[in-house]
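Chemist: Before anything else, here's the structure in question.
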Amino acid sequence: MAELTPDDGPEACVPGYACQVFPAAAIYVTSGANFGDDVGDADAVCAGDVYQLHPDAEPLRLTIAPAAGDLGTAGRVQMVAPGSGVGQAGDRVELCARLMLMAGAGDSVELLILRHQATTGAGGLYALPLSPMAPKTDYTLIRVAADPGAVRLSDLVCISFGRGTMIALADGHQVPIEALQPGDRVLTRDHGPQPVRWIGRATLRAVGSFAPVVITAGTLSNSGDLIVGQHHRMFLYQRNRTRLLRTAELLVQAKHLVDDEHVFLREGGFVDYFSLIFDRHEIVYAEGIPAESLMVNDATLSHLPEDLAAEVKARFPGLSQNQHFGTEAGRLALDEIGPAALFRQSRAG
């Protein structure tokens, strides 16, 4: 079971971490003081400017590893690892700014600005979005952090449930997620009792994209407070379909449920996140309500430690897990339904 603790130094970072970045020129100002300029570091941007992702922009694969001897950099300095589509192995990559942008639909995107220092040839700036960006969409810069903090690029994935989450076993008993072991049989919605194949764990500072979402007891008929990562998807049933939804079964990212009354972000301190992997992408029962397991595919494996990625590849040949249930409910669909209606129906059901 992987464990990253707040006391780990950069040498304890995950080696060979792969992420998708855009050249700075792919994200540019369409309105504002810096009209026409590329996104840049903290000294080059201006709050209030509106950015768009170029419609022809293609993400590049950047593979990084800890930079040896950089114990004083809080993990902000990494080096390019073999297999990267950006730079050459051994080049330095520095995390130099953290930008918060807001889309018109209310979604926020954190953007990390990375400086590639090439050993030979030209380096440059790259942007790493922590959640998806869409072309032809306006993103307004609302906050700039010149000091991105002690975040490691290898810690950019929130993996699922918080410590203490009660998971239903095959016999109906519930146990804290941290007590589960590979081989334990967990109750799933679609395939009955299924053995857990792998359990991942990371301890992260609960700030920004890593701050957990707290779904208070009873909001979705959950028996206790449910603590999950912002991108973790809950399974909901919507009796009345809307024009934007293909099915009544919905998968909703926890961050989209935040209303600061029944569901809120909890920032500060550290949070232990746990993920569960099965033979298939499953819906399990956490605090008595359905939520997804970690879906295994190429994108998932690019975020795992090298040794654990190898283990998962061996256990899940083909990396072909797919979502086989429900409709992903985006911001527009949820605005049409309204969080209050989801909460009321879940409590009534």
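We label chains A, B, ... in the order they appear in the structure tokens, count residues from 1 in each chain, and number ligands from 1 in the order shown.
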Write out as a VMD selection string the residues lying within 8 Å of A:Val39, counting only C-alpha atoms and excluding same-chain residues fewer than 2 positions away.
Modeler: chain A and resid 24 to 25 27 to 29 37 41 44 to 45 51 127
Chemist: Taking 2 positions as the minimum chain separation for residues in the same chain, which residues sit within 7 Å of A:Gly164 when counting only C-alpha atoms? Answer as a ChimeraX atom specification.
Modeler: /A:162,166,176-178
Chemist: Within 8 Å of A:His232, counting only C-alpha atoms, which residues qualify if same-chain residues fewer than 6 places away don't, as a list in words?
Modeler: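 Counting only the stated atoms, we get Ile159, Ser160, Phe161, Gln253, Ala254 and Glu292 of chain A.
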Chemist: Which neighbours of A:Gln20 fall inside 8 Å, counting only C-alpha atoms, when residues of the same chain fewer than 2 positions from it are skipped, and could you give them as a ChimeraX atom specification?
Modeler: /A:18,22,59-62,128
Chemist: Among stretch 77-297 of chain A, which residues does DSSP mark as strand (DSSP E or B) when it is run on the backbone? Keep the chain and numbering as in the structure and answer as a PDB file with N, CA and C atoms, in the first residue's frame.
Modeler:
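Contents of selection-v5.pdb, as written:
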```pdb
ATOM      1  N   VAL A  77      11.314  21.631  -7.185  1.00  0.00           N
ATOM      2  CA  VAL A  77      12.221  21.338  -8.287  1.00  0.00           C
ATOM      3  C   VAL A  77      12.214  19.839  -8.558  1.00  0.00           C
ATOM      4  N   GLN A  78      11.949  19.483  -9.807  1.00  0.00           N
ATOM      5  CA  GLN A  78      11.943  18.098 -10.239  1.00  0.00           C
ATOM      6  C   GLN A  78      12.888  17.996 -11.434  1.00  0.00           C
ATOM      7  N   MET A  79      13.062  16.798 -11.936  1.00  0.00           N
ATOM      8  CA  MET A  79      13.829  16.649 -13.164  1.00  0.00           C
ATOM      9  C   MET A  79      13.031  15.814 -14.148  1.00  0.00           C
ATOM     10  N   VAL A  80      13.300  16.039 -15.424  1.00  0.00           N
ATOM     11  CA  VAL A  80      12.638  15.270 -16.471  1.00  0.00           C
ATOM     12  C   VAL A  80      13.141  13.833 -16.405  1.00  0.00           C
ATOM     13  N   ARG A  92      15.895  20.162 -15.571  1.00  0.00           N
ATOM     14  CA  ARG A  92      15.192  20.584 -14.361  1.00  0.00           C
ATOM     15  C   ARG A  92      13.828  21.174 -14.707  1.00  0.00           C
ATOM     16  N   VAL A  93      12.865  20.904 -13.846  1.00  0.00           N
ATOM     17  CA  VAL A  93      11.525  21.472 -13.967  1.00  0.00           C
ATOM     18  C   VAL A  93      11.162  22.083 -12.621  1.00  0.00           C
ATOM     19  N   GLU A  94      10.811  23.369 -12.633  1.00  0.00           N
ATOM     20  CA  GLU A  94      10.484  24.060 -11.383  1.00  0.00           C
ATOM     21  C   GLU A  94       9.024  24.489 -11.387  1.00  0.00           C
ATOM     22  N   LEU A  95       8.357  24.224 -10.282  1.00  0.00           N
ATOM     23  CA  LEU A  95       6.988  24.687 -10.071  1.00  0.00           C
ATOM     24  C   LEU A  95       7.076  26.123  -9.569  1.00  0.00           C
ATOM     25  N   CYS A  96       6.694  27.103 -10.425  1.00  0.00           N
ATOM     26  CA  CYS A  96       6.986  28.495 -10.082  1.00  0.00           C
ATOM     27  C   CYS A  96       5.765  29.348  -9.784  1.00  0.00           C
ATOM     28  N   ALA A  97       4.564  28.891 -10.041  1.00  0.00           N
ATOM     29  CA  ALA A  97       3.372  29.682  -9.698  1.00  0.00           C
ATOM     30  C   ALA A  97       2.146  28.794  -9.715  1.00  0.00           C
ATOM     31  N   ARG A  98       1.128  29.274  -9.025  1.00  0.00           N
ATOM     32  CA  ARG A  98      -0.138  28.560  -8.948  1.00  0.00           C
ATOM     33  C   ARG A  98      -1.246  29.575  -9.195  1.00  0.00           C
ATOM     34  N   LEU A  99      -2.035  29.361 -10.243  1.00  0.00           N
ATOM     35  CA  LEU A  99      -3.074  30.297 -10.634  1.00  0.00           C
ATOM     36  C   LEU A  99      -4.440  29.661 -10.424  1.00  0.00           C
ATOM     37  N   MET A 100      -5.404  30.463  -9.990  1.00  0.00           N
ATOM     38  CA  MET A 100      -6.785  29.999  -9.870  1.00  0.00           C
ATOM     39  C   MET A 100      -7.620  30.747 -10.893  1.00  0.00           C
ATOM     40  N   LEU A 101      -8.311  30.004 -11.760  1.00  0.00           N
ATOM     41  CA  LEU A 101      -9.162  30.593 -12.775  1.00  0.00           C
ATOM     42  C   LEU A 101     -10.597  30.132 -12.559  1.00  0.00           C
ATOM     43  N   MET A 102     -11.548  30.978 -12.937  1.00  0.00           N
ATOM     44  CA  MET A 102     -12.956  30.652 -12.776  1.00  0.00           C
ATOM     45  C   MET A 102     -13.632  30.701 -14.136  1.00  0.00           C
ATOM     46  N   ALA A 103     -14.357  29.629 -14.473  1.00  0.00           N
ATOM     47  CA  ALA A 103     -15.111  29.571 -15.719  1.00  0.00           C
ATOM     48  C   ALA A 103     -16.480  30.187 -15.511  1.00  0.00           C
ATOM     49  N   SER A 108     -14.064  26.030 -11.152  1.00  0.00           N
ATOM     50  CA  SER A 108     -12.744  26.615 -10.956  1.00  0.00           C
ATOM     51  C   SER A 108     -11.683  25.639 -11.450  1.00  0.00           C
ATOM     52  N   VAL A 109     -10.576  26.186 -11.938  1.00  0.00           N
ATOM     53  CA  VAL A 109      -9.459  25.398 -12.422  1.00  0.00           C
ATOM     54  C   VAL A 109      -8.185  25.956 -11.818  1.00  0.00           C
ATOM     55  N   GLU A 110      -7.432  25.095 -11.136  1.00  0.00           N
ATOM     56  CA  GLU A 110      -6.113  25.494 -10.682  1.00  0.00           C
ATOM     57  C   GLU A 110      -5.112  25.159 -11.780  1.00  0.00           C
ATOM     58  N   LEU A 111      -4.235  26.119 -12.041  1.00  0.00           N
ATOM     59  CA  LEU A 111      -3.266  25.982 -13.114  1.00  0.00           C
ATOM     60  C   LEU A 111      -1.874  26.135 -12.507  1.00  0.00           C
ATOM     61  N   LEU A 112      -1.050  25.104 -12.622  1.00  0.00           N
ATOM     62  CA  LEU A 112       0.325  25.182 -12.153  1.00  0.00           C
ATOM     63  C   LEU A 112       1.215  25.604 -13.311  1.00  0.00           C
ATOM     64  N   ILE A 113       2.088  26.575 -13.065  1.00  0.00           N
ATOM     65  CA  ILE A 113       3.018  27.053 -14.081  1.00  0.00           C
ATOM     66  C   ILE A 113       4.380  26.425 -13.800  1.00  0.00           C
ATOM     67  N   LEU A 114       4.898  25.710 -14.788  1.00  0.00           N
ATOM     68  CA  LEU A 114       6.156  24.988 -14.659  1.00  0.00           C
ATOM     69  C   LEU A 114       7.203  25.609 -15.576  1.00  0.00           C
ATOM     70  N   ARG A 115       8.413  25.763 -15.057  1.00  0.00           N
ATOM     71  CA  ARG A 115       9.506  26.270 -15.875  1.00  0.00           C
ATOM     72  C   ARG A 115      10.461  25.119 -16.196  1.00  0.00           C
ATOM     73  N   HIS A 116      10.592  24.824 -17.495  1.00  0.00           N
ATOM     74  CA  HIS A 116      11.500  23.777 -17.963  1.00  0.00           C
ATOM     75  C   HIS A 116      12.844  24.410 -18.264  1.00  0.00           C
ATOM     76  N   GLN A 117      13.882  23.978 -17.563  1.00  0.00           N
ATOM     77  CA  GLN A 117      15.235  24.486 -17.771  1.00  0.00           C
ATOM     78  C   GLN A 117      16.028  23.431 -18.550  1.00  0.00           C
ATOM     79  N   GLY A 124      11.425  26.561 -21.451  1.00  0.00           N
ATOM     80  CA  GLY A 124      10.206  27.351 -21.590  1.00  0.00           C
ATOM     81  C   GLY A 124       9.234  27.094 -20.474  1.00  0.00           C
ATOM     82  N   LEU A 125       8.099  27.791 -20.549  1.00  0.00           N
ATOM     83  CA  LEU A 125       7.040  27.657 -19.558  1.00  0.00           C
ATOM     84  C   LEU A 125       5.966  26.705 -20.063  1.00  0.00           C
ATOM     85  N   TYR A 126       5.404  25.944 -19.119  1.00  0.00           N
ATOM     86  CA  TYR A 126       4.304  25.042 -19.418  1.00  0.00           C
ATOM     87  C   TYR A 126       3.224  25.203 -18.354  1.00  0.00           C
ATOM     88  N   ALA A 127       1.998  24.900 -18.730  1.00  0.00           N
ATOM     89  CA  ALA A 127       0.859  25.008 -17.812  1.00  0.00           C
ATOM     90  C   ALA A 127       0.281  23.627 -17.578  1.00  0.00           C
ATOM     91  N   LEU A 128       0.069  23.302 -16.299  1.00  0.00           N
ATOM     92  CA  LEU A 128      -0.505  22.017 -15.914  1.00  0.00           C
ATOM     93  C   LEU A 128      -1.850  22.262 -15.228  1.00  0.00           C
ATOM     94  N   PRO A 129      -2.985  22.052 -15.925  1.00  0.00           N
ATOM     95  CA  PRO A 129      -4.294  22.204 -15.283  1.00  0.00           C
ATOM     96  C   PRO A 129      -4.565  21.037 -14.330  1.00  0.00           C
ATOM     97  N   PRO A 135     -11.609  24.130 -24.765  1.00  0.00           N
ATOM     98  CA  PRO A 135     -11.377  25.248 -25.683  1.00  0.00           C
ATOM     99  C   PRO A 135     -12.636  26.088 -25.854  1.00  0.00           C
ATOM    100  N   TYR A 139     -11.946  31.667 -19.077  1.00  0.00           N
ATOM    101  CA  TYR A 139     -11.465  31.403 -17.726  1.00  0.00           C
ATOM    102  C   TYR A 139     -10.875  32.700 -17.170  1.00  0.00           C
ATOM    103  N   THR A 140     -11.489  33.227 -16.123  1.00  0.00           N
ATOM    104  CA  THR A 140     -11.045  34.488 -15.540  1.00  0.00           C
ATOM    105  C   THR A 140     -10.069  34.216 -14.407  1.00  0.00           C
ATOM    106  N   LEU A 141      -8.916  34.863 -14.456  1.00  0.00           N
ATOM    107  CA  LEU A 141      -7.900  34.703 -13.420  1.00  0.00           C
ATOM    108  C   LEU A 141      -8.347  35.451 -12.168  1.00  0.00           C
ATOM    109  N   ILE A 142      -8.540  34.718 -11.071  1.00  0.00           N
ATOM    110  CA  ILE A 142      -9.031  35.347  -9.847  1.00  0.00           C
ATOM    111  C   ILE A 142      -8.012  35.342  -8.717  1.00  0.00           C
ATOM    112  N   ARG A 143      -6.993  34.509  -8.796  1.00  0.00           N
ATOM    113  CA  ARG A 143      -6.003  34.471  -7.720  1.00  0.00           C
ATOM    114  C   ARG A 143      -4.657  34.003  -8.248  1.00  0.00           C
ATOM    115  N   VAL A 144      -3.596  34.623  -7.743  1.00  0.00           N
ATOM    116  CA  VAL A 144      -2.237  34.300  -8.169  1.00  0.00           C
ATOM    117  C   VAL A 144      -1.386  34.025  -6.940  1.00  0.00           C
ATOM    118  N   ALA A 145      -0.674  32.909  -6.922  1.00  0.00           N
ATOM    119  CA  ALA A 145       0.245  32.591  -5.830  1.00  0.00           C
ATOM    120  C   ALA A 145       1.640  32.437  -6.414  1.00  0.00           C
ATOM    121  N   PHE A 161     -11.502   8.102  -1.043  1.00  0.00           N
ATOM    122  CA  PHE A 161     -12.179   8.270   0.238  1.00  0.00           C
ATOM    123  C   PHE A 161     -11.231   8.695   1.354  1.00  0.00           C
ATOM    124  N   GLY A 162     -11.767   9.493   2.299  1.00  0.00           N
ATOM    125  CA  GLY A 162     -10.996   9.900   3.448  1.00  0.00           C
ATOM    126  C   GLY A 162     -10.944   8.818   4.518  1.00  0.00           C
ATOM    127  N   MET A 166     -16.738   4.431   6.224  1.00  0.00           N
ATOM    128  CA  MET A 166     -17.233   3.074   6.462  1.00  0.00           C
ATOM    129  C   MET A 166     -17.667   2.448   5.144  1.00  0.00           C
ATOM    130  N   ILE A 167     -17.048   1.299   4.813  1.00  0.00           N
ATOM    131  CA  ILE A 167     -17.307   0.584   3.561  1.00  0.00           C
ATOM    132  C   ILE A 167     -18.080  -0.693   3.866  1.00  0.00           C
ATOM    133  N   ALA A 168     -19.130  -0.961   3.074  1.00  0.00           N
ATOM    134  CA  ALA A 168     -19.958  -2.144   3.300  1.00  0.00           C
ATOM    135  C   ALA A 168     -19.276  -3.388   2.746  1.00  0.00           C
ATOM    136  N   LEU A 169     -19.154  -4.416   3.587  1.00  0.00           N
ATOM    137  CA  LEU A 169     -18.607  -5.702   3.157  1.00  0.00           C
ATOM    138  C   LEU A 169     -19.713  -6.583   2.581  1.00  0.00           C
ATOM    139  N   GLN A 174     -19.988  -3.101   8.107  1.00  0.00           N
ATOM    140  CA  GLN A 174     -19.233  -1.958   7.618  1.00  0.00           C
ATOM    141  C   GLN A 174     -17.929  -1.836   8.396  1.00  0.00           C
ATOM    142  N   VAL A 175     -16.850  -1.540   7.678  1.00  0.00           N
ATOM    143  CA  VAL A 175     -15.544  -1.379   8.324  1.00  0.00           C
ATOM    144  C   VAL A 175     -14.899  -0.096   7.810  1.00  0.00           C
ATOM    145  N   PRO A 176     -14.051   0.547   8.618  1.00  0.00           N
ATOM    146  CA  PRO A 176     -13.330   1.726   8.136  1.00  0.00           C
ATOM    147  C   PRO A 176     -12.440   1.344   6.955  1.00  0.00           C
ATOM    148  N   ARG A 185     -13.812  -9.060   0.747  1.00  0.00           N
ATOM    149  CA  ARG A 185     -14.935  -9.017  -0.186  1.00  0.00           C
ATOM    150  C   ARG A 185     -15.868  -7.875   0.188  1.00  0.00           C
ATOM    151  N   VAL A 186     -16.028  -6.963  -0.773  1.00  0.00           N
ATOM    152  CA  VAL A 186     -16.821  -5.751  -0.578  1.00  0.00           C
ATOM    153  C   VAL A 186     -18.094  -5.851  -1.402  1.00  0.00           C
ATOM    154  N   LEU A 187     -19.182  -5.322  -0.876  1.00  0.00           N
ATOM    155  CA  LEU A 187     -20.450  -5.336  -1.595  1.00  0.00           C
ATOM    156  C   LEU A 187     -20.427  -4.288  -2.704  1.00  0.00           C
ATOM    157  N   THR A 188     -20.737  -4.714  -3.938  1.00  0.00           N
ATOM    158  CA  THR A 188     -20.819  -3.774  -5.058  1.00  0.00           C
ATOM    159  C   THR A 188     -22.249  -3.753  -5.591  1.00  0.00           C
ATOM    160  N   GLY A 192     -22.403  -7.718  -6.987  1.00  0.00           N
ATOM    161  CA  GLY A 192     -22.447  -8.385  -5.691  1.00  0.00           C
ATOM    162  C   GLY A 192     -21.108  -8.337  -4.963  1.00  0.00           C
ATOM    163  N   PRO A 193     -20.802  -9.350  -4.146  1.00  0.00           N
ATOM    164  CA  PRO A 193     -19.527  -9.372  -3.419  1.00  0.00           C
ATOM    165  C   PRO A 193     -18.348  -9.467  -4.377  1.00  0.00           C
ATOM    166  N   GLN A 194     -17.369  -8.591  -4.208  1.00  0.00           N
ATOM    167  CA  GLN A 194     -16.175  -8.596  -5.049  1.00  0.00           C
ATOM    168  C   GLN A 194     -14.938  -8.388  -4.184  1.00  0.00           C
ATOM    169  N   PRO A 195     -13.867  -9.144  -4.450  1.00  0.00           N
ATOM    170  CA  PRO A 195     -12.642  -8.959  -3.656  1.00  0.00           C
ATOM    171  C   PRO A 195     -11.908  -7.679  -4.056  1.00  0.00           C
ATOM    172  N   TRP A 198      -6.578  -4.098  -4.833  1.00  0.00           N
ATOM    173  CA  TRP A 198      -5.471  -3.206  -4.481  1.00  0.00           C
ATOM    174  C   TRP A 198      -6.018  -2.022  -3.698  1.00  0.00           C
ATOM    175  N   ILE A 199      -5.240  -1.539  -2.741  1.00  0.00           N
ATOM    176  CA  ILE A 199      -5.618  -0.378  -1.938  1.00  0.00           C
ATOM    177  C   ILE A 199      -4.468   0.616  -1.977  1.00  0.00           C
ATOM    178  N   GLY A 200      -4.768   1.846  -2.365  1.00  0.00           N
ATOM    179  CA  GLY A 200      -3.748   2.893  -2.388  1.00  0.00           C
ATOM    180  C   GLY A 200      -4.009   3.918  -1.302  1.00  0.00           C
ATOM    181  N   ARG A 201      -2.951   4.561  -0.859  1.00  0.00           N
ATOM    182  CA  ARG A 201      -3.096   5.564   0.193  1.00  0.00           C
ATOM    183  C   ARG A 201      -2.128   6.714  -0.053  1.00  0.00           C
ATOM    184  N   ALA A 202      -2.569   7.932   0.211  1.00  0.00           N
ATOM    185  CA  ALA A 202      -1.686   9.101   0.172  1.00  0.00           C
ATOM    186  C   ALA A 202      -2.120  10.070   1.261  1.00  0.00           C
ATOM    187  N   THR A 203      -1.165  10.695   1.916  1.00  0.00           N
ATOM    188  CA  THR A 203      -1.439  11.744   2.884  1.00  0.00           C
ATOM    189  C   THR A 203      -1.023  13.068   2.265  1.00  0.00           C
ATOM    190  N   LEU A 204      -1.984  13.974   2.099  1.00  0.00           N
ATOM    191  CA  LEU A 204      -1.746  15.235   1.408  1.00  0.00           C
ATOM    192  C   LEU A 204      -2.148  16.412   2.286  1.00  0.00           C
ATOM    193  N   ARG A 205      -1.546  17.566   2.020  1.00  0.00           N
ATOM    194  CA  ARG A 205      -1.947  18.789   2.695  1.00  0.00           C
ATOM    195  C   ARG A 205      -3.322  19.196   2.159  1.00  0.00           C
ATOM    196  N   VAL A 213     -13.861  17.144   0.182  1.00  0.00           N
ATOM    197  CA  VAL A 213     -15.269  17.523   0.234  1.00  0.00           C
ATOM    198  C   VAL A 213     -15.928  16.735   1.370  1.00  0.00           C
ATOM    199  N   VAL A 214     -16.666  17.430   2.223  1.00  0.00           N
ATOM    200  CA  VAL A 214     -17.409  16.793   3.303  1.00  0.00           C
ATOM    201  C   VAL A 214     -18.892  16.822   2.953  1.00  0.00           C
ATOM    202  N   ILE A 215     -19.477  15.656   2.769  1.00  0.00           N
ATOM    203  CA  ILE A 215     -20.919  15.521   2.539  1.00  0.00           C
ATOM    204  C   ILE A 215     -21.524  15.155   3.891  1.00  0.00           C
ATOM    205  N   LEU A 226     -19.454  11.911   4.974  1.00  0.00           N
ATOM    206  CA  LEU A 226     -18.664  11.225   3.955  1.00  0.00           C
ATOM    207  C   LEU A 226     -17.605  12.194   3.446  1.00  0.00           C
ATOM    208  N   ILE A 227     -16.340  11.808   3.543  1.00  0.00           N
ATOM    209  CA  ILE A 227     -15.221  12.669   3.167  1.00  0.00           C
ATOM    210  C   ILE A 227     -14.541  12.056   1.949  1.00  0.00           C
ATOM    211  N   VAL A 228     -14.510  12.804   0.855  1.00  0.00           N
ATOM    212  CA  VAL A 228     -13.962  12.296  -0.406  1.00  0.00           C
ATOM    213  C   VAL A 228     -13.138  13.390  -1.083  1.00  0.00           C
ATOM    214  N   ARG A 233     -16.400  10.625  -7.712  1.00  0.00           N
ATOM    215  CA  ARG A 233     -17.767  10.706  -8.224  1.00  0.00           C
ATOM    216  C   ARG A 233     -18.732   9.875  -7.377  1.00  0.00           C
ATOM    217  N   MET A 234     -19.847  10.518  -7.038  1.00  0.00           N
ATOM    218  CA  MET A 234     -20.919   9.862  -6.309  1.00  0.00           C
ATOM    219  C   MET A 234     -21.962   9.358  -7.312  1.00  0.00           C
ATOM    220  N   PHE A 235     -22.599   8.250  -6.962  1.00  0.00           N
ATOM    221  CA  PHE A 235     -23.629   7.664  -7.827  1.00  0.00           C
ATOM    222  C   PHE A 235     -24.991   8.104  -7.294  1.00  0.00           C
ATOM    223  N   LEU A 236     -25.764   8.796  -8.137  1.00  0.00           N
ATOM    224  CA  LEU A 236     -27.070   9.308  -7.738  1.00  0.00           C
ATOM    225  C   LEU A 236     -28.122   8.860  -8.743  1.00  0.00           C
ATOM    226  N   TYR A 237     -29.338   8.712  -8.256  1.00  0.00           N
ATOM    227  CA  TYR A 237     -30.454   8.365  -9.138  1.00  0.00           C
ATOM    228  C   TYR A 237     -31.389   9.560  -9.201  1.00  0.00           C
ATOM    229  N   GLU A 249     -29.460   7.476 -14.090  1.00  0.00           N
ATOM    230  CA  GLU A 249     -28.348   7.171 -13.194  1.00  0.00           C
ATOM    231  C   GLU A 249     -27.205   8.143 -13.464  1.00  0.00           C
ATOM    232  N   LEU A 250     -26.801   8.861 -12.438  1.00  0.00           N
ATOM    233  CA  LEU A 250     -25.819   9.922 -12.598  1.00  0.00           C
ATOM    234  C   LEU A 250     -24.553   9.643 -11.803  1.00  0.00           C
ATOM    235  N   LEU A 251     -23.413  10.048 -12.361  1.00  0.00           N
ATOM    236  CA  LEU A 251     -22.165  10.116 -11.630  1.00  0.00           C
ATOM    237  C   LEU A 251     -21.808  11.596 -11.505  1.00  0.00           C
ATOM    238  N   VAL A 252     -21.658  12.055 -10.278  1.00  0.00           N
ATOM    239  CA  VAL A 252     -21.473  13.479 -10.016  1.00  0.00           C
ATOM    240  C   VAL A 252     -20.201  13.676  -9.200  1.00  0.00           C
ATOM    241  N   GLN A 253     -19.276  14.504  -9.715  1.00  0.00           N
ATOM    242  CA  GLN A 253     -18.081  14.824  -8.946  1.00  0.00           C
ATOM    243  C   GLN A 253     -18.486  15.549  -7.658  1.00  0.00           C
ATOM    244  N   VAL A 263     -22.918  20.491   2.004  1.00  0.00           N
ATOM    245  CA  VAL A 263     -21.680  19.940   1.435  1.00  0.00           C
ATOM    246  C   VAL A 263     -20.668  21.076   1.366  1.00  0.00           C
ATOM    247  N   PHE A 264     -19.459  20.844   1.884  1.00  0.00           N
ATOM    248  CA  PHE A 264     -18.484  21.926   1.924  1.00  0.00           C
ATOM    249  C   PHE A 264     -17.066  21.375   1.780  1.00  0.00           C
ATOM    250  N   LEU A 265     -16.142  22.272   1.408  1.00  0.00           N
ATOM    251  CA  LEU A 265     -14.721  21.943   1.362  1.00  0.00           C
ATOM    252  C   LEU A 265     -14.122  22.155   2.745  1.00  0.00           C
ATOM    253  N   PHE A 270      -3.885  18.085   7.217  1.00  0.00           N
ATOM    254  CA  PHE A 270      -3.608  17.027   6.254  1.00  0.00           C
ATOM    255  C   PHE A 270      -4.802  16.091   6.172  1.00  0.00           C
ATOM    256  N   VAL A 271      -4.876  15.357   5.069  1.00  0.00           N
ATOM    257  CA  VAL A 271      -5.963  14.395   4.884  1.00  0.00           C
ATOM    258  C   VAL A 271      -5.379  13.100   4.334  1.00  0.00           C
ATOM    259  N   ASP A 272      -5.851  11.980   4.860  1.00  0.00           N
ATOM    260  CA  ASP A 272      -5.484  10.655   4.358  1.00  0.00           C
ATOM    261  C   ASP A 272      -6.527  10.223   3.335  1.00  0.00           C
ATOM    262  N   TYR A 273      -6.080   9.959   2.112  1.00  0.00           N
ATOM    263  CA  TYR A 273      -6.969   9.481   1.062  1.00  0.00           C
ATOM    264  C   TYR A 273      -6.672   8.011   0.760  1.00  0.00           C
ATOM    265  N   PHE A 274      -7.735   7.240   0.508  1.00  0.00           N
ATOM    266  CA  PHE A 274      -7.617   5.827   0.176  1.00  0.00           C
ATOM    267  C   PHE A 274      -8.378   5.549  -1.118  1.00  0.00           C
ATOM    268  N   SER A 275      -7.823   4.669  -1.945  1.00  0.00           N
ATOM    269  CA  SER A 275      -8.506   4.248  -3.164  1.00  0.00           C
ATOM    270  C   SER A 275      -8.657   2.739  -3.166  1.00  0.00           C
ATOM    271  N   LEU A 276      -9.717   2.270  -3.812  1.00  0.00           N
ATOM    272  CA  LEU A 276      -9.988   0.837  -3.929  1.00  0.00           C
ATOM    273  C   LEU A 276     -10.033   0.458  -5.397  1.00  0.00           C
ATOM    274  N   ILE A 277      -9.364  -0.635  -5.744  1.00  0.00           N
ATOM    275  CA  ILE A 277      -9.394  -1.159  -7.109  1.00  0.00           C
ATOM    276  C   ILE A 277      -9.932  -2.583  -7.088  1.00  0.00           C
ATOM    277  N   ILE A 283     -19.279   0.238  -8.349  1.00  0.00           N
ATOM    278  CA  ILE A 283     -19.948   1.129  -7.406  1.00  0.00           C
ATOM    279  C   ILE A 283     -19.998   0.406  -6.068  1.00  0.00           C
ATOM    280  N   VAL A 284     -19.397   1.005  -5.044  1.00  0.00           N
ATOM    281  CA  VAL A 284     -19.389   0.431  -3.701  1.00  0.00           C
ATOM    282  C   VAL A 284     -20.274   1.286  -2.803  1.00  0.00           C
ATOM    283  N   TYR A 285     -20.422   0.852  -1.552  1.00  0.00           N
ATOM    284  CA  TYR A 285     -21.271   1.586  -0.607  1.00  0.00           C
ATOM    285  C   TYR A 285     -20.401   2.169   0.500  1.00  0.00           C
ATOM    286  N   ALA A 286     -20.344   3.494   0.533  1.00  0.00           N
ATOM    287  CA  ALA A 286     -19.544   4.226   1.514  1.00  0.00           C
ATOM    288  C   ALA A 286     -20.489   5.035   2.389  1.00  0.00           C
ATOM    289  N   ILE A 289     -24.048   4.802   1.103  1.00  0.00           N
ATOM    290  CA  ILE A 289     -24.527   5.307  -0.175  1.00  0.00           C
ATOM    291  C   ILE A 289     -23.536   4.932  -1.287  1.00  0.00           C
ATOM    292  N   PRO A 290     -24.003   4.854  -2.533  1.00  0.00           N
ATOM    293  CA  PRO A 290     -23.144   4.373  -3.617  1.00  0.00           C
ATOM    294  C   PRO A 290     -22.157   5.420  -4.117  1.00  0.00           C
ATOM    295  N   ALA A 291     -20.922   4.974  -4.342  1.00  0.00           N
ATOM    296  CA  ALA A 291     -19.856   5.824  -4.883  1.00  0.00           C
ATOM    297  C   ALA A 291     -18.918   4.932  -5.677  1.00  0.00           C
ATOM    298  N   GLU A 292     -18.161   5.522  -6.603  1.00  0.00           N
ATOM    299  CA  GLU A 292     -17.337   4.728  -7.501  1.00  0.00           C
ATOM    300  C   GLU A 292     -16.034   4.274  -6.850  1.00  0.00           C
TER     301      GLU A 292
END
```
Chemist: As an exercise, work out the distance from atom CA of A:Ala314 to atom CA of A:Arg280 in Å and give it to one decimal place.
Modeler: 14.4 Å
Chemist: Pick out the closest residue to A:Val196 from this set: A:Thr216, A:Thr63, A:Ser293, A:Thr119. Count only C-alpha atoms.
Modeler: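 Under the stated criterion, the closest residue is A:Ser293.
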Chemist: Check the smallest atom-to-atom distance from each of A:Gly40, A:Gly224, A:Gly183, A:Gly32 to A:Asp138 using only C-alpha atoms, then report the winner.
Modeler: A:Gly32
Chemist: Please return, as a list in words, all residues of stretch 39-183 of chain A that DSSP assigns to helix (DSSP H, G or I) on the basis of the backbone.
Modeler: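 Selection result, helix (DSSP H, G or I) within stretch 39-183 of chain A: Leu71, Gly72, Thr73, Leu153, Ser154, Asp155, Ile177, Glu178 and Ala179 of chain A.
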Chemist: Convert the current residue selection to file output with C-alpha atoms, as a PDB file, in the first residue's frame.
Modeler:
```pdb
ATOM      1  CA  LEU A  71      16.031  18.984  -0.150  1.00  0.00           C
ATOM      2  CA  GLY A  72      15.550  22.716   0.448  1.00  0.00           C
ATOM      3  CA  THR A  73      13.050  23.274  -2.346  1.00  0.00           C
ATOM      4  CA  LEU A 153       3.914  17.312  -8.666  1.00  0.00           C
ATOM      5  CA  SER A 154       3.715  13.622  -7.826  1.00  0.00           C
ATOM      6  CA  ASP A 155       0.931  14.381  -5.318  1.00  0.00           C
ATOM      7  CA  ILE A 177     -11.599   1.886   4.767  1.00  0.00           C
ATOM      8  CA  GLU A 178      -8.156   1.906   6.422  1.00  0.00           C
ATOM      9  CA  ALA A 179      -8.935  -1.533   7.925  1.00  0.00           C
TER      10      ALA A 179
END
```
